[in-house]
>>> print(open('entry30.tsv').read())   # TSV, C-alpha atoms
chain	number	residue	atom	x	y	z
A	1	MET	CA	31.89	62.56	110.80
A	2	ASP	CA	30.21	65.15	113.01
A	3	THR	CA	27.27	67.21	111.76
A	4	GLN	CA	29.20	70.47	111.49
A	5	ALA	CA	31.99	68.92	109.41
A	6	GLN	CA	29.43	67.16	107.22
A	7	GLU	CA	27.47	70.37	106.53
A	8	LYS	CA	30.62	72.30	105.70
A	9	LEU	CA	31.94	69.49	103.51
A	10	GLU	CA	28.66	69.47	101.57
A	11	LYS	CA	29.11	73.21	101.02
A	12	VAL	CA	32.66	72.58	99.78
A	13	LEU	CA	31.33	70.01	97.31
A	14	ARG	CA	28.65	72.44	96.12
A	15	GLY	CA	31.33	75.12	95.65
A	16	GLU	CA	29.87	77.40	98.33
A	17	LEU	CA	32.99	77.12	100.49
A	18	ARG	CA	36.60	76.66	99.44
A	19	TYR	CA	38.88	74.23	101.25
A	20	THR	CA	42.27	72.97	100.08
A	21	SER	CA	43.75	69.97	101.83
A	22	GLY	CA	47.45	69.33	102.23
A	23	ASN	CA	46.74	65.87	100.84
A	24	LEU	CA	46.90	65.46	97.07
A	25	ALA	CA	44.49	62.52	96.88
A	26	PHE	CA	41.84	64.34	98.94
A	27	ASN	CA	42.06	67.40	96.67
A	28	ILE	CA	41.66	65.21	93.58
A	29	LEU	CA	38.70	63.46	95.22
A	30	ILE	CA	36.99	66.75	96.14
A	31	THR	CA	37.35	67.95	92.53
A	32	LYS	CA	35.97	64.63	91.26
A	33	MET	CA	32.96	64.86	93.60
A	34	GLN	CA	32.33	68.50	92.65
A	35	LYS	CA	32.14	67.48	88.97
A	36	LYS	CA	29.92	64.53	89.84
A	37	LEU	CA	27.54	66.84	91.69
A	38	GLN	CA	27.48	69.32	88.83
A	39	ALA	CA	26.39	66.50	86.54
A	40	ASP	CA	23.90	65.12	89.07
A	41	PRO	CA	22.87	67.71	91.69
A	42	GLY	CA	20.86	65.04	93.55
A	43	GLY	CA	23.92	62.86	94.07
A	44	MET	CA	25.17	64.35	97.34
A	45	ASP	CA	24.65	61.13	99.34
A	46	SER	CA	26.70	59.10	96.92
A	47	CYS	CA	29.48	61.73	96.94
A	48	MET	CA	29.54	61.85	100.73
A	49	ASN	CA	29.71	58.05	100.84
A	50	GLU	CA	32.80	58.10	98.62
A	51	ILE	CA	34.40	60.73	100.81
A	52	GLU	CA	33.59	58.80	103.99
A	53	LEU	CA	35.18	55.71	102.45
A	54	PHE	CA	38.31	57.71	101.63
A	55	LEU	CA	38.55	59.28	105.07
A	56	ALA	CA	38.06	55.92	106.76
A	57	LYS	CA	41.02	54.64	104.75
A	58	TYR	CA	43.21	57.60	105.76
A	59	PRO	CA	42.45	58.40	109.42
A	60	ILE	CA	45.45	60.75	109.59
A	61	VAL	CA	44.03	62.89	106.79
A	62	ALA	CA	40.53	62.65	108.24
A	63	LYS	CA	41.56	63.93	111.65
A	64	VAL	CA	43.29	67.06	110.32
A	65	ASP	CA	41.02	67.86	107.40
A	66	LEU	CA	37.69	67.31	109.12
A	67	ALA	CA	38.75	69.60	111.98
A	68	ASN	CA	39.79	72.26	109.46
A	69	ILE	CA	36.61	71.87	107.42
A	70	ALA	CA	34.40	72.09	110.51
A	71	ALA	CA	36.15	75.35	111.40
A	72	LEU	CA	35.47	77.00	108.00
B	73	MET	CA	71.54	56.24	97.56
B	74	LEU	CA	73.82	56.02	94.54
B	75	ILE	CA	75.99	52.93	94.80
B	76	THR	CA	78.14	50.65	92.67
B	77	LEU	CA	77.10	47.50	90.86
B	78	GLU	CA	78.96	45.36	93.41
B	79	GLU	CA	77.26	47.07	96.35
B	80	THR	CA	73.86	46.60	94.70
B	81	VAL	CA	74.47	42.92	94.02
B	82	LYS	CA	75.44	42.47	97.68
B	83	LEU	CA	72.13	44.02	98.85
B	84	ILE	CA	70.16	41.80	96.45
B	85	ASN	CA	71.98	38.70	97.63
B	86	GLU	CA	71.23	39.65	101.24
B	87	GLY	CA	67.53	39.39	100.35
B	88	LYS	CA	66.74	43.10	100.79
B	89	ILE	CA	63.57	44.52	99.20
B	90	LEU	CA	64.86	47.11	96.73
B	91	HIS	CA	63.75	49.73	94.23
B	92	ILE	CA	66.53	50.33	91.68
B	93	ALA	CA	67.03	52.90	88.93
B	94	ALA	CA	70.02	52.82	86.60
B	95	ASP	CA	71.21	52.67	83.03
B	96	ASP	CA	70.07	49.55	81.23
B	97	GLN	CA	73.54	47.98	80.94
B	98	LEU	CA	73.82	47.99	84.76
B	99	LEU	CA	70.30	46.70	85.48
B	100	ALA	CA	70.87	43.86	83.00
B	101	GLN	CA	73.79	42.58	85.12
B	102	LEU	CA	71.81	42.27	88.36
B	103	PRO	CA	70.92	38.85	89.77
B	104	LYS	CA	67.34	37.79	90.54
B	105	GLY	CA	66.04	38.95	93.89
B	106	ASN	CA	63.49	41.04	95.73
B	107	TRP	CA	63.66	44.08	93.51
B	108	ILE	CA	62.07	46.04	90.70
B	109	GLY	CA	63.76	48.65	88.56
B	110	GLY	CA	63.60	51.06	85.69
B	111	THR	CA	66.04	52.74	83.33
B	112	THR	CA	67.37	56.27	83.57
B	113	PRO	CA	70.90	57.70	83.63
B	114	TYR	CA	69.75	60.87	85.46
B	115	PHE	CA	69.51	61.09	89.23
B	116	ILE	CA	69.24	63.40	92.20
B	117	GLY	CA	71.79	62.05	94.65
B	118	SER	CA	72.79	63.33	98.06
B	119	ASP	CA	75.48	65.40	96.28
B	120	GLY	CA	73.00	66.85	93.79
B	121	GLY	CA	71.78	66.19	90.28
B	122	VAL	CA	74.00	63.78	88.37
B	123	PHE	CA	74.20	61.94	85.04
B	124	THR	CA	75.89	58.56	85.37
B	125	LYS	CA	75.94	55.15	83.74
B	126	ASP	CA	78.36	53.81	86.37
B	127	LEU	CA	76.21	53.93	89.51
B	128	LEU	CA	72.76	52.67	90.48
B	129	TYR	CA	70.21	54.53	92.56
B	130	VAL	CA	68.88	52.12	95.19
B	131	ASP	CA	66.07	52.54	97.73
B	132	GLU	CA	66.19	49.93	100.45
B	133	ILE	CA	62.61	49.24	101.52
B	134	GLY	CA	62.84	48.48	105.21
B	135	PHE	CA	59.42	49.77	106.18
B	136	ALA	CA	57.35	47.04	104.48
B	137	GLU	CA	56.15	43.89	106.24
B	138	ASP	CA	55.64	42.02	103.00
B	139	PHE	CA	55.82	42.52	99.24
B	140	ARG	CA	54.64	41.10	95.94
B	141	VAL	CA	55.68	41.88	92.36
B	142	SER	CA	53.49	41.66	89.24
B	143	CYS	CA	53.79	42.82	85.64
B	144	TYR	CA	50.97	44.17	83.51
B	145	GLY	CA	50.23	45.10	79.93
B	146	LYS	CA	47.79	47.64	78.60
B	147	TYR	CA	44.84	45.25	78.86
B	148	ASN	CA	45.18	44.53	82.57
B	149	ILE	CA	47.11	47.45	84.08
B	150	PHE	CA	44.20	48.47	86.29
B	151	GLN	CA	44.33	45.18	88.15
B	152	VAL	CA	46.79	47.14	90.32
B	153	VAL	CA	43.73	48.45	92.16
B	154	GLU	CA	42.51	44.92	92.94
B	155	GLU	CA	45.79	43.19	93.68
B	156	CYS	CA	47.34	45.64	96.13
B	157	PHE	CA	47.54	45.02	99.86
B	158	ASP	CA	44.63	46.47	101.82
B	159	ASN	CA	46.98	48.40	104.08
B	160	GLY	CA	49.83	49.19	101.80
B	161	MET	CA	51.11	51.07	98.82
B	162	THR	CA	51.93	50.33	95.23
B	163	LEU	CA	55.21	51.26	93.56
B	164	LEU	CA	54.68	51.32	89.80
B	165	ILE	CA	57.20	51.74	86.95
B	166	MET	CA	56.25	51.97	83.28
B	167	PRO	CA	58.46	52.48	80.21
B	168	TYR	CA	58.37	55.84	78.44
B	169	GLY	CA	56.45	55.73	75.18
B	170	SER	CA	54.79	52.37	75.93
B	171	ALA	CA	51.15	51.56	75.25
B	172	VAL	CA	50.66	50.58	78.88
B	173	ALA	CA	51.90	54.00	80.05
B	174	ALA	CA	49.57	55.74	77.58
B	175	LYS	CA	46.61	53.64	78.72
B	176	TYR	CA	47.34	54.34	82.38
B	177	ALA	CA	47.82	58.05	81.71
B	178	LYS	CA	44.50	58.39	79.90
B	179	GLU	CA	42.29	56.24	82.11
B	180	ALA	CA	43.67	56.32	85.65
B	181	PRO	CA	41.69	59.41	86.73
B	182	ASP	CA	38.44	57.57	85.99
B	183	VAL	CA	39.33	54.32	87.76
B	184	GLU	CA	37.07	53.64	90.73
B	185	GLU	CA	38.85	53.34	94.07
B	186	LEU	CA	42.31	54.31	92.74
B	187	LEU	CA	42.48	57.10	95.31
B	188	LEU	CA	41.88	54.54	98.07
B	189	HIS	CA	45.16	52.80	97.25
B	190	PRO	CA	48.35	54.88	97.53
B	191	THR	CA	49.99	54.47	94.14
B	192	LEU	CA	53.31	56.10	93.42
B	193	GLY	CA	55.80	55.59	90.64
B	194	TRP	CA	57.59	56.80	87.60
B	195	ILE	CA	58.08	56.49	83.89
B	196	SER	CA	61.46	54.98	83.05
B	197	GLY	CA	63.54	56.74	80.45
B	198	LEU	CA	66.75	56.89	78.49
B	199	ASP	CA	69.83	58.95	77.67
B	200	LEU	CA	68.44	61.98	75.84
B	201	ASP	CA	71.66	62.44	73.84
B	202	LYS	CA	72.33	58.83	72.89
B	203	GLY	CA	68.77	57.46	72.73
B	204	GLY	CA	67.99	53.82	73.47
B	205	GLU	CA	65.01	52.05	74.99
B	206	ALA	CA	63.17	52.77	78.19
B	207	ARG	CA	62.78	49.53	80.11
B	208	VAL	CA	61.45	48.13	83.39
B	209	TYR	CA	62.77	45.16	85.33
B	210	ASP	CA	61.06	42.53	87.45
B	211	GLY	CA	63.97	41.37	89.60
B	212	THR	CA	61.99	38.44	91.00
B	213	SER	CA	61.85	36.78	87.58
B	214	GLY	CA	64.88	38.42	86.00
B	215	GLU	CA	62.72	39.59	83.09
B	216	SER	CA	62.77	43.08	81.59
B	217	TYR	CA	60.20	44.77	79.38
B	218	THR	CA	59.77	47.74	77.08
B	219	ASP	CA	55.99	47.26	76.84
B	220	ARG	CA	54.88	46.22	80.32
B	221	ALA	CA	54.52	47.89	83.70
B	222	VAL	CA	56.05	46.43	86.83
B	223	ALA	CA	54.32	46.88	90.18
B	224	MET	CA	55.70	46.21	93.63
B	225	TYR	CA	52.98	45.95	96.27
B	226	LEU	CA	54.19	46.80	99.75
B	227	ARG	CA	52.30	45.85	102.90
B	228	LEU	CA	52.63	48.36	105.73
B	229	PRO	CA	52.47	47.63	109.46
B	230	GLU	CA	49.11	48.20	111.18
B	231	GLY	CA	48.62	51.89	111.97
B	232	LYS	CA	50.99	53.11	109.24
B	233	SER	CA	49.84	54.87	106.07
B	234	ALA	CA	51.60	55.95	102.89
B	235	MET	CA	51.09	59.65	102.17
B	236	ILE	CA	51.79	60.69	98.62
B	237	ASN	CA	52.35	64.29	97.72
B	238	MET	CA	54.02	66.45	95.11
B	239	ILE	CA	56.02	69.61	94.65
B	240	ASN	CA	54.98	71.73	91.71
B	241	ILE	CA	56.40	75.17	91.01
B	242	PHE	CA	53.62	76.10	88.62
B	243	THR	CA	50.39	77.93	89.21
B	244	ASP	CA	47.92	79.80	87.05
B	245	ASP	CA	46.44	83.26	86.67
B	246	LYS	CA	42.66	82.98	86.95
B	247	THR	CA	42.26	85.94	84.59
B	248	ASP	CA	43.98	84.02	81.77
B	249	PRO	CA	41.80	82.32	79.11
B	250	VAL	CA	40.34	78.92	79.99
B	251	ILE	CA	41.39	76.14	77.63
B	252	ARG	CA	39.23	73.01	77.32
B	253	PHE	CA	39.71	69.85	75.30
B	254	TYR	CA	37.16	67.56	73.72
B	255	ASP	CA	38.55	64.22	74.83
B	256	ASN	CA	41.27	62.53	76.90
B	257	GLU	CA	44.13	62.85	74.41
B	258	LEU	CA	47.93	62.81	74.19
B	259	ALA	CA	47.84	64.98	71.04
B	260	VAL	CA	45.27	67.50	69.86
B	261	THR	CA	44.56	69.82	66.97
B	262	LYS	CA	41.52	71.63	68.32
B	263	CYS	CA	40.44	72.97	71.66
B	264	SER	CA	38.18	75.70	72.97
B	265	VAL	CA	39.54	78.92	74.44
B	266	ASN	CA	36.99	80.76	76.56
B	267	GLY	CA	34.32	78.72	74.77
B	268	GLN	CA	35.52	79.46	71.25
B	269	GLU	CA	36.93	76.63	69.12
B	270	VAL	CA	40.47	77.26	67.88
B	271	ASN	CA	43.37	75.37	66.32
B	272	PHE	CA	45.59	74.90	69.38
B	273	ALA	CA	48.92	75.00	67.51
B	274	GLU	CA	47.92	78.25	65.81
B	275	TYR	CA	46.77	79.67	69.15
B	276	ILE	CA	50.13	78.89	70.77
B	277	GLU	CA	52.03	80.46	67.89
B	278	LYS	CA	49.80	83.53	67.65
B	279	LYS	CA	50.02	84.24	71.38
B	280	GLY	CA	53.77	83.55	71.50
B	281	ILE	CA	53.28	81.08	74.36
B	282	ASN	CA	56.44	79.60	75.88
B	283	THR	CA	55.74	75.87	75.82
B	284	LYS	CA	58.35	75.24	78.52
B	285	MET	CA	55.47	76.35	80.72
B	286	PRO	CA	52.98	73.49	81.13
B	287	LEU	CA	49.21	73.63	81.02
B	288	VAL	CA	47.94	73.55	84.58
B	289	ALA	CA	44.62	72.38	85.97
B	290	ASP	CA	43.48	73.37	89.44
B	291	TYR	CA	42.33	70.30	91.38
B	292	ASN	CA	41.00	72.02	94.46
B	293	GLY	CA	44.27	73.86	95.04
B	294	SER	CA	46.59	71.08	93.88
B	295	TYR	CA	47.90	72.12	90.48
B	296	ILE	CA	48.41	69.29	88.02
B	297	ASN	CA	50.61	69.94	85.01
B	298	THR	CA	50.45	68.71	81.45
B	299	SER	CA	53.72	69.46	79.66
B	300	VAL	CA	53.84	70.21	75.96
B	301	LYS	CA	56.04	67.72	74.09
B	302	GLY	CA	55.97	69.46	70.75
B	303	VAL	CA	54.06	71.51	68.21
B	304	GLU	CA	54.32	70.05	64.72
B	305	ASN	CA	52.20	70.09	61.58
B	306	GLY	CA	49.29	71.74	63.34
B	307	THR	CA	49.23	69.19	66.17
B	308	VAL	CA	50.20	69.78	69.78
B	309	SER	CA	51.46	66.69	71.62
B	310	PHE	CA	51.81	66.25	75.39
B	311	TYR	CA	53.86	64.16	77.82
B	312	ALA	CA	50.64	63.34	79.71
B	313	PRO	CA	47.09	63.49	78.41
B	314	VAL	CA	44.75	66.42	78.61
B	315	PHE	CA	41.27	65.54	79.85
B	316	ARG	CA	37.83	66.57	78.68
B	317	ASN	CA	35.76	68.65	81.10
B	318	VAL	CA	38.83	70.03	82.84
B	319	ASP	CA	39.71	73.73	82.81
B	320	TYR	CA	43.31	74.40	81.81
B	321	ARG	CA	45.41	77.53	81.64
B	322	PHE	CA	49.03	77.94	80.68
B	323	ALA	CA	51.16	78.27	83.81
B	324	THR	CA	52.27	81.75	84.69
B	325	ALA	CA	55.90	82.50	83.81
B	326	VAL	CA	58.54	81.48	86.35
B	327	GLY	CA	61.38	84.00	86.57
B	328	ASP	CA	64.07	81.86	88.15
B	329	TYR	CA	63.09	78.21	87.73
B	330	ALA	CA	65.79	76.82	90.02
B	331	ALA	CA	65.14	79.36	92.80
B	332	GLU	CA	61.38	78.76	92.64
B	333	PHE	CA	61.93	75.03	92.81
B	334	THR	CA	64.12	75.36	95.89
B	335	ALA	CA	61.55	77.63	97.57
B	336	ARG	CA	58.75	75.09	97.01
B	337	ILE	CA	60.93	72.30	98.38
B	338	ASP	CA	61.54	74.30	101.54
B	339	ALA	CA	57.81	75.03	101.87
B	340	ALA	CA	56.84	71.36	101.48
B	341	ALA	CA	58.99	70.51	104.51
B	342	ALA	CA	58.88	66.75	104.06
B	343	HIS	CA	61.03	65.12	106.71
B	344	ASP	CA	61.76	61.62	105.60
B	345	PRO	CA	60.47	60.70	102.14
B	346	VAL	CA	60.91	57.00	101.42
B	347	PHE	CA	60.69	57.59	97.67
B	348	SER	CA	61.01	60.66	95.51
B	349	PHE	CA	60.83	60.98	91.74
B	350	ASN	CA	61.70	64.22	89.98
B	351	CYS	CA	60.83	65.08	86.39
B	352	ILE	CA	63.52	65.31	83.70
B	353	LEU	CA	62.05	68.70	82.72
B	354	ASN	CA	62.71	70.03	86.24
B	355	TYR	CA	66.25	68.62	85.96
B	356	LEU	CA	66.82	70.32	82.60
B	357	TYR	CA	64.91	73.62	82.94
B	358	GLY	CA	65.78	73.95	86.63
B	359	SER	CA	69.46	73.25	85.97
B	360	LEU	CA	69.52	70.70	88.79
B	361	TYR	CA	72.80	69.13	87.63
B	362	GLY	CA	75.11	69.40	90.64
B	363	LYS	CA	72.40	71.00	92.81
B	364	LYS	CA	71.40	69.43	96.10
B	365	ILE	CA	67.71	69.34	97.03
B	366	PRO	CA	67.63	67.39	100.29
B	367	PRO	CA	65.83	65.28	101.38
B	368	TYR	CA	64.54	64.43	97.89
B	369	THR	CA	66.91	61.96	96.27
B	370	GLY	CA	65.95	59.48	93.59
B	371	PRO	CA	65.75	58.88	89.88
B	372	VAL	CA	65.06	61.68	87.43
B	373	THR	CA	62.05	60.48	85.52
B	374	PHE	CA	60.15	60.78	82.26
B	375	GLY	CA	56.81	61.14	84.04
B	376	GLU	CA	55.73	60.84	87.65
B	377	ILE	CA	52.89	58.80	89.08
B	378	ALA	CA	50.98	60.01	92.10
B	379	TYR	CA	47.76	58.02	91.58
B	380	GLN	CA	47.60	59.43	88.04
B	381	LEU	CA	50.36	60.42	85.63
B	382	LEU	CA	51.87	63.84	86.33
B	383	ASN	CA	54.42	66.01	84.54
B	384	GLN	CA	57.09	68.52	85.51
B	385	THR	CA	56.60	67.65	89.15
B	386	LEU	CA	58.47	66.05	92.03
B	387	VAL	CA	56.41	63.35	93.72
B	388	TYR	CA	57.30	61.79	97.02
B	389	CYS	CA	55.97	59.42	99.64
B	390	GLU	CA	56.22	59.50	103.40
B	391	ILE	CA	55.18	56.75	105.79
B	392	MET	CA	53.02	58.25	108.52
B	393	GLY	CA	51.57	57.02	111.78
>>> encode(input="entry30.tsv", output="structure tokens")
Amino acid sequence: MDTQAQEKLEKVLRGELRYTSGNLAFNILITKMQKKLQADPGGMDSCMNEIELFLAKYPIVAKVDLANIAAL
Amino acid sequence: MLITLEETVKLINEGKILHIAADDQLLAQLPKGNWIGGTTPYFIGSDGGVFTKDLLYVDEIGFAEDFRVSCYGKYNIFQVVEECFDNGMTLLIMPYGSAVAAKYAKEAPDVEELLLHPTLGWISGLDLDKGGEARVYDGTSGESYTDRAVAMYLRLPEGKSAMINMINIFTDDKTDPVIRFYDNELAVTKCSVNGQEVNFAEYIEKKGINTKMPLVADYNGSYINTSVKGVENGTVSFYAPVFRNVDYRFATAVGDYAAEFTARIDAAAAHDPVFSFNCILNYLYGSLYGKKIPPYTGPVTFGEIAYQLLNQTLVYCEIMG
């Protein structure tokens, strides 16, 4: 994941930016990570790891969504 | 495709990998083979919504390189996450009203790694007028169950992925009161509305809420419904659980259910879904009997599974790559 996409994704997880994917599982995961971060604001690394794992599993989603997120 | 018993038996005997939905008396006549199935007499066929106990809905699974079938009870249902193919998808059928379906509905959202394994399926049902038992079939053993889930694991070719999505006509109005629940429950008496504890049944009655409209929760823009099953003796029951720490609102009213449903189908623009499962409440409230909604054909279901249990939704899967 490039730096720009990573920074924007962290903002999405903190609720500072809004991004809706066309992929149901990714939207559920983002919501899950947002709640996890609310409960543990220091847990960004762990949340990003989970997201990286997901995106590695779904390269088609990763390609589209990371480009869109980087462009936010 | 909706086909006859004889045509279905022929496909089974040819060794095809099949997903089958039909009335119980038809499924019970099928020989052993590479198939799983579930009961329902309601379908969306290529000619539209139909009620029949004379035909079977059959998906021929030609896109999988390999398959396995397993059955699970409420104590081991989440082994589906461990036993699936690494590059594949899981097709899961559970009987309506079963303990295994309730367990899955309540706990699936908290299961680690579930989102890493495309899991799609449906809750088998029955004839709403005549009653009966919802049942699932493991065609590989010839066994059927009212209290177990059947899973078919499908291995996909390298470079292919299963993409699961849904069509939901409901949305919310962010100015409406926020409803929160205290636990993951299929029936509740109390909840909080904008932070104030209320009796939920009394709240629904007092506000004159139309319970044909589900509760909706906004998962980052994907709206997930929880449909109200009934309000009785001060208790509100649901077709899928409500979850603690989730903000719900009642869905905004839909003027023309059928027209809205058709519009969302057009917007989704799926090209070639390999499976699609449409809720019985869409079939009934959307008056889908006789209406065509291409390309989404399949069983009409008593709950839909897209990773977790959903309600009043059409779920579908496309193979991408």
>>> interface_residues(input="entry30.tsv", of="chain A", to="chain B", cutoff="12 Å", atoms="all atoms listed in the file", output="PyMOL selection string")
chain A and resi 12-13+15+17-36+38-39+50-61
>>> closest_residue(input="entry30.tsv", among="A:Leu66, A:Asn49, A:Leu72, A:Gly42", to="Glu16 of chain A", atoms="only C-alpha atoms")
A:Leu72
>>> residues_around(input="entry30.tsv", residues="segment 203-218 of chain B", least_positions_apart="5", cutoff="6 Å", atoms="only C-alpha atoms", output="short mmCIF file (atom, residue, chain, number, x, y, z; two decimals) with C-alpha atoms, in the coordinates of the input")
data_model
loop_
_atom_site.label_atom_id
_atom_site.label_comp_id
_atom_site.auth_asym_id
_atom_site.auth_seq_id
_atom_site.Cartn_x
_atom_site.Cartn_y
_atom_site.Cartn_z
CA LYS B 104 67.34 37.79 90.54
CA GLY B 105 66.04 38.95 93.89
CA ASN B 106 63.49 41.04 95.73
CA TRP B 107 63.66 44.08 93.51
CA ILE B 108 62.07 46.04 90.70
CA GLY B 109 63.76 48.65 88.56
CA GLY B 110 63.60 51.06 85.69
CA THR B 111 66.04 52.74 83.33
CA PRO B 167 58.46 52.48 80.21
CA TYR B 168 58.37 55.84 78.44
CA SER B 196 61.46 54.98 83.05
CA GLY B 197 63.54 56.74 80.45
CA LEU B 198 66.75 56.89 78.49
#
>>> atom_distance(input="entry30.tsv", atom1="atom CA of Ser299 of chain B", atom2="atom CA of Tyr311 of chain B")
5.6 Å
>>> residues_around(input="entry30.tsv", residues="segment 307-309 of chain B", least_positions_apart="6", cutoff="9 Å", atoms="all atoms listed in the file", output="list in words")
Glu257, Leu258, Ala259, Val260, Thr261, Lys262, Asn271, Phe272, Ala273, Ser299, Val300 and Lys301 of chain B
>>> atom_distance(input="entry30.tsv", atom1="atom CA of Gly370 of chain B", atom2="atom CA of Val130 of chain B")
8.1 Å
>>> residues_near_point(input="entry30.tsv", point="(56.7, 36.4, 100.6)", cutoff="12 Å", atoms="all atoms listed in the file", output="PDB file with C-alpha atoms, keeping the file's coordinate frame")
ATOM      1  CA  GLY B  87      67.530  39.390 100.350  1.00  0.00           C
ATOM      2  CA  ILE B  89      63.570  44.520  99.200  1.00  0.00           C
ATOM      3  CA  GLY B 105      66.040  38.950  93.890  1.00  0.00           C
ATOM      4  CA  ASN B 106      63.490  41.040  95.730  1.00  0.00           C
ATOM      5  CA  ALA B 136      57.350  47.040 104.480  1.00  0.00           C
ATOM      6  CA  GLU B 137      56.150  43.890 106.240  1.00  0.00           C
ATOM      7  CA  ASP B 138      55.640  42.020 103.000  1.00  0.00           C
ATOM      8  CA  PHE B 139      55.820  42.520  99.240  1.00  0.00           C
ATOM      9  CA  ARG B 140      54.640  41.100  95.940  1.00  0.00           C
ATOM     10  CA  VAL B 141      55.680  41.880  92.360  1.00  0.00           C
ATOM     11  CA  THR B 212      61.990  38.440  91.000  1.00  0.00           C
ATOM     12  CA  TYR B 225      52.980  45.950  96.270  1.00  0.00           C
ATOM     13  CA  LEU B 226      54.190  46.800  99.750  1.00  0.00           C
ATOM     14  CA  ARG B 227      52.300  45.850 102.900  1.00  0.00           C
TER      15      ARG B 227
END
>>> closest_residue(input="entry30.tsv", among="B:Asn383, B:Thr80, B:Thr373, B:Ser264", to="Phe310 of chain B", atoms="all atoms listed in the file")
B:Asn383
>>> closest_residue(input="entry30.tsv", among="B:Glu78, B:Ile281, B:Leu128, B:Ser118", to="Gln97 of chain B", atoms="only C-alpha atoms")
B:Leu128
>>> atom_distance(input="entry30.tsv", atom1="atom CA of Asn148 of chain B", atom2="atom CA of Ile165 of chain B")
14.7 Å
>>> residues_around(input="entry30.tsv", residues="Gln268 of chain B", least_positions_apart="5", cutoff="12 Å", atoms="all atoms listed in the file", output="short mmCIF file (atom, residue, chain, number, x, y, z; two decimals) with C-alpha atoms, in the coordinates of the input")
data_model
loop_
_atom_site.label_atom_id
_atom_site.label_comp_id
_atom_site.auth_asym_id
_atom_site.auth_seq_id
_atom_site.Cartn_x
_atom_site.Cartn_y
_atom_site.Cartn_z
CA PRO B 249 41.80 82.32 79.11
CA VAL B 250 40.34 78.92 79.99
CA ILE B 251 41.39 76.14 77.63
CA ARG B 252 39.23 73.01 77.32
CA PHE B 253 39.71 69.85 75.30
CA LYS B 262 41.52 71.63 68.32
CA CYS B 263 40.44 72.97 71.66
CA TYR B 275 46.77 79.67 69.15
#
>>> residues_near_point(input="entry30.tsv", point="(71.1, 71.8, 89.7)", cutoff="9 Å", atoms="all atoms listed in the file", output="ChimeraX atom specification")
/B:116,120-122,330,355-356,358-365
>>> closest_residue(input="entry30.tsv", among="B:Asn305, B:Gln101, B:Thr124, B:Ser170", to="Asp219 of chain B", atoms="only C-alpha atoms")
B:Ser170
>>> residues_around(input="entry30.tsv", residues="Val152 of chain B", least_positions_apart="4", cutoff="9 Å", atoms="all atoms listed in the file", output="list in words")
Ser142, Tyr144, Asn148, Cys156, Thr162, Leu164, Leu186, Thr191, Ala223 and Tyr225 of chain B
>>> decode(input="entry30.tsv", residues="segment 245-256 of chain B", atoms="N, CA and C atoms", output="short mmCIF file (atom, residue, chain, number, x, y, z; two decimals), in the first residue's frame")
data_model
loop_
_atom_site.label_atom_id
_atom_site.label_comp_id
_atom_site.auth_asym_id
_atom_site.auth_seq_id
_atom_site.Cartn_x
_atom_site.Cartn_y
_atom_site.Cartn_z
N ASP B 245 -32.86 7.81 7.53
CA ASP B 245 -32.83 9.27 7.60
C ASP B 245 -32.02 9.60 8.85
N LYS B 246 -30.87 10.24 8.64
CA LYS B 246 -29.95 10.46 9.76
C LYS B 246 -30.52 11.41 10.83
N THR B 247 -31.66 12.05 10.52
CA THR B 247 -32.27 12.90 11.54
C THR B 247 -33.25 12.10 12.42
N ASP B 248 -33.51 10.85 12.04
CA ASP B 248 -34.40 10.02 12.87
C ASP B 248 -33.68 9.58 14.14
N PRO B 249 -34.45 9.23 15.19
CA PRO B 249 -33.83 8.81 16.45
C PRO B 249 -32.94 7.57 16.28
N VAL B 250 -31.85 7.55 17.05
CA VAL B 250 -30.94 6.40 17.03
C VAL B 250 -31.40 5.39 18.07
N ILE B 251 -31.55 4.14 17.61
CA ILE B 251 -31.99 3.06 18.50
C ILE B 251 -30.80 2.14 18.76
N ARG B 252 -30.55 1.85 20.05
CA ARG B 252 -29.44 0.95 20.40
C ARG B 252 -29.96 -0.15 21.31
N PHE B 253 -29.32 -1.31 21.20
CA PHE B 253 -29.74 -2.46 22.00
C PHE B 253 -28.61 -2.87 22.93
N TYR B 254 -28.99 -3.59 23.98
CA TYR B 254 -28.02 -3.88 25.04
C TYR B 254 -27.23 -5.16 24.82
N ASP B 255 -27.71 -6.00 23.91
CA ASP B 255 -26.99 -7.25 23.66
C ASP B 255 -27.31 -7.74 22.25
N ASN B 256 -26.63 -8.82 21.83
CA ASN B 256 -26.95 -9.44 20.54
C ASN B 256 -28.15 -10.35 20.76
#
